[in-house]
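Report on the structure given below.
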Amino acid sequence: MPNRYRYRKGADAQLVTWIRQGVARLGLEELYLSAAYARGYRLLEMSHAATPEQTRAHLARFANSRRLDRAESLAGLTVTGPGRIDISAAAIARSRRPMVEGACDCGGTGWMPLQVFEGEALSLSCPAHNPTGDRPNTRAAVTA
């Protein structure tokens, strides 16, 4: 896709061709991995939780952020609306499993520690490792 490409109505076939060329060049596994890393970083960045190490890794993988944003938005045009490419259940499931390059403040636990407040240890759900904020079951089983 040319860097300065501007979408024109009816140009979907050209977008699909460029997407297929990118898949052929990268391979599906690398494409899936890059998409998961991009999603994980985006979640962390939107929450102001990306570490410098994660930012460096993201910039190394996606050196031109404007091109990445443009490619993502144009690819979205091919999968939304009637007569477009269907999104498979597997693709939806992959999008729900973001990945992180570099150490995460949550240490992979899904919970980022916050400073202690009046003797209470607080934590925040990690937007990449625990985007739904699921809490571990802390209740002990009641036995009679």
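Chain identifiers are assigned as A, B, and so on, following the order in which chains appear in the structure tokens; residues are numbered from 1 within each chain, and ligands are numbered from 1 in order of appearance.
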
Q: Using only C-alpha atoms, determine which residues lie at most 9 Å from segment 44-50 of chain A, disregarding the query and same-chain residues fewer than 6 positions distant; provide the list as a list in words.
A: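 Counting only C-alpha atoms, the residues come to Val100, Cys104, Asp105, Cys126, Pro127 and Ala128 of chain A.
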
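Compared by their closest atoms to Arg70 of chain A, and using only C-alpha atoms, the residues A:Arg6, A:Arg42, A:Arg20, A:His129 rank with A:Arg6 nearest.
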
Set the distance at 12 Å and use only C-alpha atoms: which residues neighbour Trp18 of chain A once local chain neighbours fewer than 2 positions away are removed? I'd like the list as a CSV table (one decimal) with C-alpha atoms, in the first residue's frame.
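Contents of the output file selection-v5.csv:
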```csv
chain,number,residue,atom,x,y,z
A,1,MET,CA,0.0,0.0,0.0
A,2,PRO,CA,1.5,3.4,-0.9
A,5,TYR,CA,-2.9,6.2,-0.4
A,11,ALA,CA,-11.5,0.5,-4.1
A,12,ASP,CA,-12.1,-2.5,-1.8
A,13,ALA,CA,-10.7,-5.0,-4.3
A,14,GLN,CA,-7.4,-3.1,-4.3
A,15,LEU,CA,-7.3,-3.0,-0.4
A,16,VAL,CA,-7.9,-6.8,-0.3
A,20,ARG,CA,-3.2,-10.6,0.6
A,21,GLN,CA,0.2,-9.3,-0.4
A,22,GLY,CA,1.0,-8.4,3.2
A,23,VAL,CA,-0.1,-11.8,4.4
A,24,ALA,CA,2.0,-13.6,1.7
A,25,ARG,CA,5.0,-11.5,2.7
A,71,ALA,CA,-3.4,0.2,7.5
A,74,LEU,CA,-8.3,0.7,5.9
A,75,ALA,CA,-8.3,-3.0,6.7
A,78,THR,CA,-13.0,-4.5,4.3
```

**Q.** alpha helix (DSSP H) call set, DSSP backbone run, segment 57-97 of chain A, as an NGL selection string
**A.** :A and (57-61 or 65-77 or 89-95)

Counting only C-alpha atoms, which residues of segment 87-138 of chain A fall within 9 Å of segment 28-38 of chain A, and what is the closest atom pair for each with its distance in Å at one decimal, ordered by chain and rising number, as a Markdown table?
```
| residue | atom | partner | partner_atom | distance |
| --- | --- | --- | --- | --- |
| A:Ala91 | CA | A:Tyr32 | CA | 8.9 |
| A:Arg94 | CA | A:Ala36 | CA | 7.4 |
| A:Ser95 | CA | A:Ala36 | CA | 6.8 |
| A:Arg96 | CA | A:Ala36 | CA | 8.7 |
| A:Arg97 | CA | A:Ala36 | CA | 6.8 |
| A:Pro98 | CA | A:Ala36 | CA | 4.6 |
| A:Met99 | CA | A:Tyr37 | CA | 4.9 |
| A:Val100 | CA | A:Tyr37 | CA | 5.5 |
| A:Glu101 | CA | A:Tyr37 | CA | 6.6 |
```
